[in-house]
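Let me begin by presenting the structure, written as structure tokens, before commenting on it.
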Amino acid sequence: MAANSMGGRALRGAGPKAAPIPSSGPVPPAALDTLHRYFGYDSFRPGQDRMVSAILAGRDALGVMPTGAGKSICYQVPALMLGGLTLVVSPLVSLMGDQVRALKAAGARPAYLNSSLTPAQQNTVLKRASEGWYQIMYVAPERLGDPRFIAFAQALAAPGGLGIPLVAVDEAHCVSQWGQDFRPSYLGISEFIASLPTRPVVAAFTATATDRVRADIVGMLGLTHPASVVTGFDRANLYFGVEELGDKAKAAWIARYARGHADQSGIIYCSTRRAVDELSASLALELMPLGISVGRYHAGMADADRRASQEAFIEDRVPIMVATNAFGMGIDKPNVRYVIHNNVPESIEAYYQEAGRAGRDGDPASCHLLWNGNDFRLRRFLIDRDPNDGSGPEDAAEQREFSRQNRYRLLAQMEGYCQTTGCLRAYILRYFGDEGALGVAGSPAAADADADGAAPHGCGNCGSCLTSFEVEDVTVAARAAVRLVQRLNGRFGKSLVADVLHGANTERIRQMRLDEAPGYGDLADVPSAQIKGVIDQLVGRGYLMQGQGQYPTVGLGPLAVQALTDEGFSFSVRRRSRGASQRVRRAVDLVRDGEAAGGLGASHEDDAELFERLREVRTEIARDRQWAPYMVFSDKTLRALCRQRPHDREGLLAVSGIGEKKADDLGERFLAEIAAFEGAR
Ligand code: ADP
Ligand code: ZN
């Protein structure tokens, strides 16, 4: 993944303060009707309405919406209304098949055209498309440069042809070299559009775009006065937690978590293939006897194994996936209930993207980041070893150094996330320039400095907000640490500084005669580990500065002078009060699991039992039709069925997520199961 200059300043100004969007009018009733008929939803979500109105009004549009916001509906609904053939450009070949199956299940006429089809199949698709069989076609960007496809599209868009009313560009940030996932083939999109005899409406979608990338999308795709819809980045249904744990303790934590959430789907991310192999093996050993299977996925596995593993996960046969970050792009599974990071990702952006794969369905889900010092050592090692990463071979040394610095900066922000005692959600949203979303102002340091126990303006649904902290005054230790760092001229790392202050009697210290240095043993009664914690906090708040490399040294930071000279200097840290926080956490987990299992708002005591029976019906249908279970109905829809217990078609249509096609096509089996269940009571 490329590192570049935009980094942490992503989306500054993208929040509620952005200029108001000229309205394209309210959503036409026909759009709501289409939404209900095909997808069974009663209303558009915020942002969807504006995108759909703009497109239907013939206006180009740019939608920046987080994962799970429901981007696909924004172009699918217009595609089903506009006549002719809507083209969807997507780089995710593996997702196209799923999207097409899901649309078919909803009663639409979709197709895809990509390299997974044989030439003969491609011919058939093109022929049928020319005859007007399809409403919407997914293509990979490379396809737009294929002369045969261009001729096909030109004929379609010619006066008197069936028409191409809309070109939707998914993952639009791929057009920008400043983005994470630049794809040269995206540069051909605007030329393709320009070659069409009638210009279609162009709508671009992305989940991540800095100002710079957004400008690129508009420019490089040639969007004309686009309506720009930027929804907030907050994913309110996600819980965020951070745990500092040793390597062994991590594995035990994960095993315990998985056991406690045995009937739920989860992804566990590791930073290396080897870690994936080891962790999946140890988890399997522990969980298999309980009937929980564990899958694994990384780029070192054979294609077929990887595919099988992914399918088993999507189809709910294997609930737990241990994977590198190679897994997930193009995975649309809505009911992932937890994402655990066994290691620290390279940036907040990468973390949010991966963690964001939890809870796409909008139900409560959890994101846990487990970390320790080894994670950061490994990351630094990777950055130093791989200066080329993210820049082409032609790039100058200067450019590489720039990229390296940038990656260090991104990692430092990740480190801040691990160590903050402030609201974790606020930290992330600040990173994305969306702090307005929570009404939290100020820098991470400001939030931390407010050391009065629970986070003052927190989200109420993260590890920090749900933990009670004890405030401890560590001014003496802080001052001693800064003073020693000054005396040592910033030549040593954190551990050694802590050891000297503690007065440890190690060989290294004796060798370097540090046991004779002033300051040695000044903090004899504070354990080294605790001193290290104070040093971390000093770094985090700018009193000290940590260098780079695998064994970074600690030097004075911009605020050091305050600690050294200001008599009024005081420094306190917040520590989790263990017992209390765990009680809170358990209570939260219970509530959340209850909600996810349909507990809240449930109207029948036996909902859980019915849910299991309906789930079996779903599994059978999915197996018969070779669909993923969520293409039949989402968990959310099954739970609504348990609550509402419809007895006829009308009742079915009142359930969120059941459109007309599915009511007619699948309704009978679910009605029968519900009736049988109730009859047996
Ligand atoms: P994105 O592509 O933005 O990550 P998706 O298009 O996959 O999001 O949608 C996420 C989930 O939200 C899907 O399960 C989808 O069915 C659901 N969804 C989308 N729009 C609505 C809506 N208006 N009402 C209810 N659920 C919706
Ligand atoms: Zn919070």
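Starting from 1 in every chain, residues are counted up; chains themselves are A, B, ... following the order of the structure tokens, and ligands are numbered from 1 as listed.
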If you count only C-alpha atoms, which residues fall within 9 Å of Leu279 (chain A), apart from same-chain ones fewer than 3 positions away, as a PyMOL selection string?
-> chain A and resi 251+270+274-276+282-284+322
Can you list every residue of chain A that has an atom at most 9 Å from ligand 1, with its nearest atom pair and the distance in Å to one decimal, using only C-alpha atoms and all ligand atoms, ordered by chain then number, as JSON lines?
{"residue": "A:Leu35", "atom": "CA", "partner": "ligand 1", "partner_atom_place_in_ligand_line": "23 (N)", "distance": 7.5}
{"residue": "A:Phe39", "atom": "CA", "partner": "ligand 1", "partner_atom_place_in_ligand_line": "16 (O)", "distance": 7.5}
{"residue": "A:Gly40", "atom": "CA", "partner": "ligand 1", "partner_atom_place_in_ligand_line": "24 (N)", "distance": 8.2}
{"residue": "A:Tyr41", "atom": "CA", "partner": "ligand 1", "partner_atom_place_in_ligand_line": "24 (N)", "distance": 5.0}
{"residue": "A:Asp42", "atom": "CA", "partner": "ligand 1", "partner_atom_place_in_ligand_line": "24 (N)", "distance": 6.7}
{"residue": "A:Ser43", "atom": "CA", "partner": "ligand 1", "partner_atom_place_in_ligand_line": "23 (N)", "distance": 5.2}
{"residue": "A:Phe44", "atom": "CA", "partner": "ligand 1", "partner_atom_place_in_ligand_line": "23 (N)", "distance": 3.9}
{"residue": "A:Arg45", "atom": "CA", "partner": "ligand 1", "partner_atom_place_in_ligand_line": "23 (N)", "distance": 4.7}
{"residue": "A:Pro46", "atom": "CA", "partner": "ligand 1", "partner_atom_place_in_ligand_line": "23 (N)", "distance": 8.4}
{"residue": "A:Gln48", "atom": "CA", "partner": "ligand 1", "partner_atom_place_in_ligand_line": "23 (N)", "distance": 7.3}
{"residue": "A:Asp49", "atom": "CA", "partner": "ligand 1", "partner_atom_place_in_ligand_line": "23 (N)", "distance": 8.7}
{"residue": "A:Met65", "atom": "CA", "partner": "ligand 1", "partner_atom_place_in_ligand_line": "3 (O)", "distance": 6.3}
{"residue": "A:Pro66", "atom": "CA", "partner": "ligand 1", "partner_atom_place_in_ligand_line": "3 (O)", "distance": 6.0}
{"residue": "A:Thr67", "atom": "CA", "partner": "ligand 1", "partner_atom_place_in_ligand_line": "4 (O)", "distance": 3.6}
{"residue": "A:Gly68", "atom": "CA", "partner": "ligand 1", "partner_atom_place_in_ligand_line": "4 (O)", "distance": 3.5}
{"residue": "A:Ala69", "atom": "CA", "partner": "ligand 1", "partner_atom_place_in_ligand_line": "3 (O)", "distance": 4.1}
{"residue": "A:Gly70", "atom": "CA", "partner": "ligand 1", "partner_atom_place_in_ligand_line": "8 (O)", "distance": 3.3}
{"residue": "A:Lys71", "atom": "CA", "partner": "ligand 1", "partner_atom_place_in_ligand_line": "3 (O)", "distance": 3.8}
{"residue": "A:Ser72", "atom": "CA", "partner": "ligand 1", "partner_atom_place_in_ligand_line": "6 (O)", "distance": 4.1}
{"residue": "A:Ile73", "atom": "CA", "partner": "ligand 1", "partner_atom_place_in_ligand_line": "20 (N)", "distance": 5.7}
{"residue": "A:Cys74", "atom": "CA", "partner": "ligand 1", "partner_atom_place_in_ligand_line": "6 (O)", "distance": 8.2}
{"residue": "A:Asp170", "atom": "CA", "partner": "ligand 1", "partner_atom_place_in_ligand_line": "2 (O)", "distance": 8.8}
{"residue": "A:Phe205", "atom": "CA", "partner": "ligand 1", "partner_atom_place_in_ligand_line": "3 (O)", "distance": 8.7}
{"residue": "A:Thr206", "atom": "CA", "partner": "ligand 1", "partner_atom_place_in_ligand_line": "3 (O)", "distance": 8.2}
{"residue": "A:Ala207", "atom": "CA", "partner": "ligand 1", "partner_atom_place_in_ligand_line": "3 (O)", "distance": 7.2}
{"residue": "A:Asp332", "atom": "CA", "partner": "ligand 1", "partner_atom_place_in_ligand_line": "7 (O)", "distance": 5.9}
{"residue": "A:Lys333", "atom": "CA", "partner": "ligand 1", "partner_atom_place_in_ligand_line": "14 (O)", "distance": 7.9}
{"residue": "A:Pro334", "atom": "CA", "partner": "ligand 1", "partner_atom_place_in_ligand_line": "14 (O)", "distance": 5.3}
{"residue": "A:Asn335", "atom": "CA", "partner": "ligand 1", "partner_atom_place_in_ligand_line": "14 (O)", "distance": 8.4}
{"residue": "A:Gly356", "atom": "CA", "partner": "ligand 1", "partner_atom_place_in_ligand_line": "4 (O)", "distance": 9.0}
{"residue": "A:Arg357", "atom": "CA", "partner": "ligand 1", "partner_atom_place_in_ligand_line": "4 (O)", "distance": 8.4}
{"residue": "A:Gly359", "atom": "CA", "partner": "ligand 1", "partner_atom_place_in_ligand_line": "11 (C)", "distance": 8.8}
{"residue": "A:Arg360", "atom": "CA", "partner": "ligand 1", "partner_atom_place_in_ligand_line": "10 (C)", "distance": 5.2}
{"residue": "A:Asp361", "atom": "CA", "partner": "ligand 1", "partner_atom_place_in_ligand_line": "14 (O)", "distance": 4.7}
{"residue": "A:Gly362", "atom": "CA", "partner": "ligand 1", "partner_atom_place_in_ligand_line": "12 (O)", "distance": 6.9}
{"residue": "A:Tyr630", "atom": "CA", "partner": "ligand 1", "partner_atom_place_in_ligand_line": "14 (O)", "distance": 8.2}
{"residue": "A:Ser634", "atom": "CA", "partner": "ligand 1", "partner_atom_place_in_ligand_line": "14 (O)", "distance": 7.1}
{"residue": "A:Lys636", "atom": "CA", "partner": "ligand 1", "partner_atom_place_in_ligand_line": "14 (O)", "distance": 9.0}
{"residue": "A:Ser656", "atom": "CA", "partner": "ligand 1", "partner_atom_place_in_ligand_line": "25 (C)", "distance": 7.2}
{"residue": "A:Gly657", "atom": "CA", "partner": "ligand 1", "partner_atom_place_in_ligand_line": "25 (C)", "distance": 7.0}
Could you give me, as JSON, numbers by chain, the residues within 8 Å of region 370-377 of chain A, counting only C-alpha atoms and dropping anything in the same chain fewer than 5 positions from it?
-> {"A": [242, 243, 244, 245, 246, 247, 250, 340, 341, 342, 343, 344, 415, 418, 550, 551]}
Surroundings of ligand 2 up to 9 Å, based on only C-alpha atoms and all ligand atoms, as a PyMOL selection string | chain A and resi 239-240+422-427+455+457-466
Check region 141-313 of chain A with DSSP on the backbone and list each residue it calls strand (DSSP E or B), as a count of residues only.
-> 30
If we count only C-alpha atoms, what is near Met96 (chain A) at a cut-off of 9 Å, once residues fewer than 6 positions away on the same chain are taken out, given as a PyMOL selection string?
-> chain A and resi 90+111-114+138-139+330
DSSP helix (DSSP H, G or I) selection over region 52-251 of chain A, as a ChimeraX atom specification = /A:52-56,71-82,93-105,119-130,141-145,147-157,172-175,184-194,211-220,247-251
Might you pull out every residue within 10 Å of Lys532 (chain A), with only C-alpha atoms counted and same-chain residues fewer than 6 positions away left off, and present them as a list of chain:residue names?
-> A:Ala481, A:Lys494, A:Ser495, A:Leu496, A:Val497, A:Ala498, A:Asp499, A:Leu538
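Closest approach to Leu641 (chain A) among A:Phe670, A:Gln399, A:Gly503, A:Asp234 is made by A:Phe670 (distances from only C-alpha atoms).
You will find CA of Trp178 (chain A) at 28.1 Å from CA of Gln99 (chain A).
Proximity of A:Ile535, A:Ala477, A:Gly132, A:Arg409 to Gly521 (chain A), computed with only C-alpha atoms, is greatest for A:Ala477.
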Tell me, as a PDB file with N, CA, C and O atoms, in the first residue's frame, which residues lie within 9 Å of Arg199 (chain A), counting only C-alpha atoms; anything in the same chain fewer than 4 positions away does not count.
ATOM      1  N   ALA A 157     -25.308   3.827 -26.969  1.00  0.00           N
ATOM      2  CA  ALA A 157     -25.527   5.220 -26.579  1.00  0.00           C
ATOM      3  C   ALA A 157     -25.826   6.124 -27.769  1.00  0.00           C
ATOM      4  O   ALA A 157     -26.015   7.332 -27.611  1.00  0.00           O
ATOM      5  N   ILE A 164     -27.309   4.512 -22.632  1.00  0.00           N
ATOM      6  CA  ILE A 164     -26.549   4.302 -21.395  1.00  0.00           C
ATOM      7  C   ILE A 164     -26.810   5.526 -20.532  1.00  0.00           C
ATOM      8  O   ILE A 164     -26.157   6.553 -20.691  1.00  0.00           O
ATOM      9  N   PRO A 165     -27.790   5.453 -19.654  1.00  0.00           N
ATOM     10  CA  PRO A 165     -28.171   6.659 -18.922  1.00  0.00           C
ATOM     11  C   PRO A 165     -27.181   7.031 -17.827  1.00  0.00           C
ATOM     12  O   PRO A 165     -27.088   8.187 -17.442  1.00  0.00           O
ATOM     13  N   LEU A 166     -26.439   6.036 -17.322  1.00  0.00           N
ATOM     14  CA  LEU A 166     -25.639   6.281 -16.122  1.00  0.00           C
ATOM     15  C   LEU A 166     -24.386   5.418 -16.141  1.00  0.00           C
ATOM     16  O   LEU A 166     -24.441   4.232 -16.454  1.00  0.00           O
ATOM     17  N   ILE A 193     -15.901   7.647 -21.552  1.00  0.00           N
ATOM     18  CA  ILE A 193     -17.164   8.383 -21.454  1.00  0.00           C
ATOM     19  C   ILE A 193     -17.249   9.433 -22.559  1.00  0.00           C
ATOM     20  O   ILE A 193     -18.287   9.603 -23.200  1.00  0.00           O
ATOM     21  N   ALA A 194     -16.111  10.085 -22.808  1.00  0.00           N
ATOM     22  CA  ALA A 194     -16.106  11.120 -23.845  1.00  0.00           C
ATOM     23  C   ALA A 194     -16.368  10.539 -25.228  1.00  0.00           C
ATOM     24  O   ALA A 194     -16.848  11.229 -26.124  1.00  0.00           O
ATOM     25  N   SER A 195     -16.058   9.259 -25.391  1.00  0.00           N
ATOM     26  CA  SER A 195     -16.227   8.657 -26.716  1.00  0.00           C
ATOM     27  C   SER A 195     -17.680   8.264 -26.994  1.00  0.00           C
ATOM     28  O   SER A 195     -18.014   7.860 -28.103  1.00  0.00           O
TER      29      SER A 195
END
Excluding Leu80 (chain A) and any residue of its chain fewer than 2 positions from it, enumerate the residues within 9 Å of it, using only C-alpha atoms, and give them as an NGL selection string.
-> :A and (34 or 75-78 or 82-83 or 86 or 108-109 or 135-136)
Pull C-alpha atoms from the residues just selected and write them as a tab-separated table (two decimals), in the first residue's frame.
chain	number	residue	atom	x	y	z
A	34	THR	CA	-38.39	1.12	-6.49
A	75	TYR	CA	-26.79	3.69	-8.34
A	76	GLN	CA	-28.86	0.51	-8.33
A	77	VAL	CA	-32.16	2.28	-7.72
A	78	PRO	CA	-31.63	4.78	-10.58
A	82	LEU	CA	-33.84	4.88	-15.96
A	83	GLY	CA	-34.23	2.36	-18.79
A	86	THR	CA	-26.37	1.40	-16.54
A	108	ALA	CA	-33.53	-7.15	-11.19
A	109	ARG	CA	-31.84	-8.01	-14.50
A	135	GLN	CA	-30.67	-3.06	-16.67
A	136	ILE	CA	-27.25	-2.89	-15.08
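Minimum atom-to-atom distance to Ile150 (chain A), evaluated using only C-alpha atoms, belongs to A:Leu126 out of A:Leu126, A:Leu411, A:Val482, A:Leu162.
Distances here use only C-alpha atoms; by that measure, the residue among A:Gln548, A:Asp515, A:Asp473, A:Ala672 closest to Val573 (chain A) is A:Asp473.
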Given the choices A:Pro110, A:Gln562, A:Val64, A:Ala151, which gets closest to Glu171 (chain A) if the distance is worked out from only C-alpha atoms?
-> A:Val64
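Computed from the coordinates, the CA of Gly542 (chain A) to CA of Ala563 (chain A) distance equals 10.7 Å.
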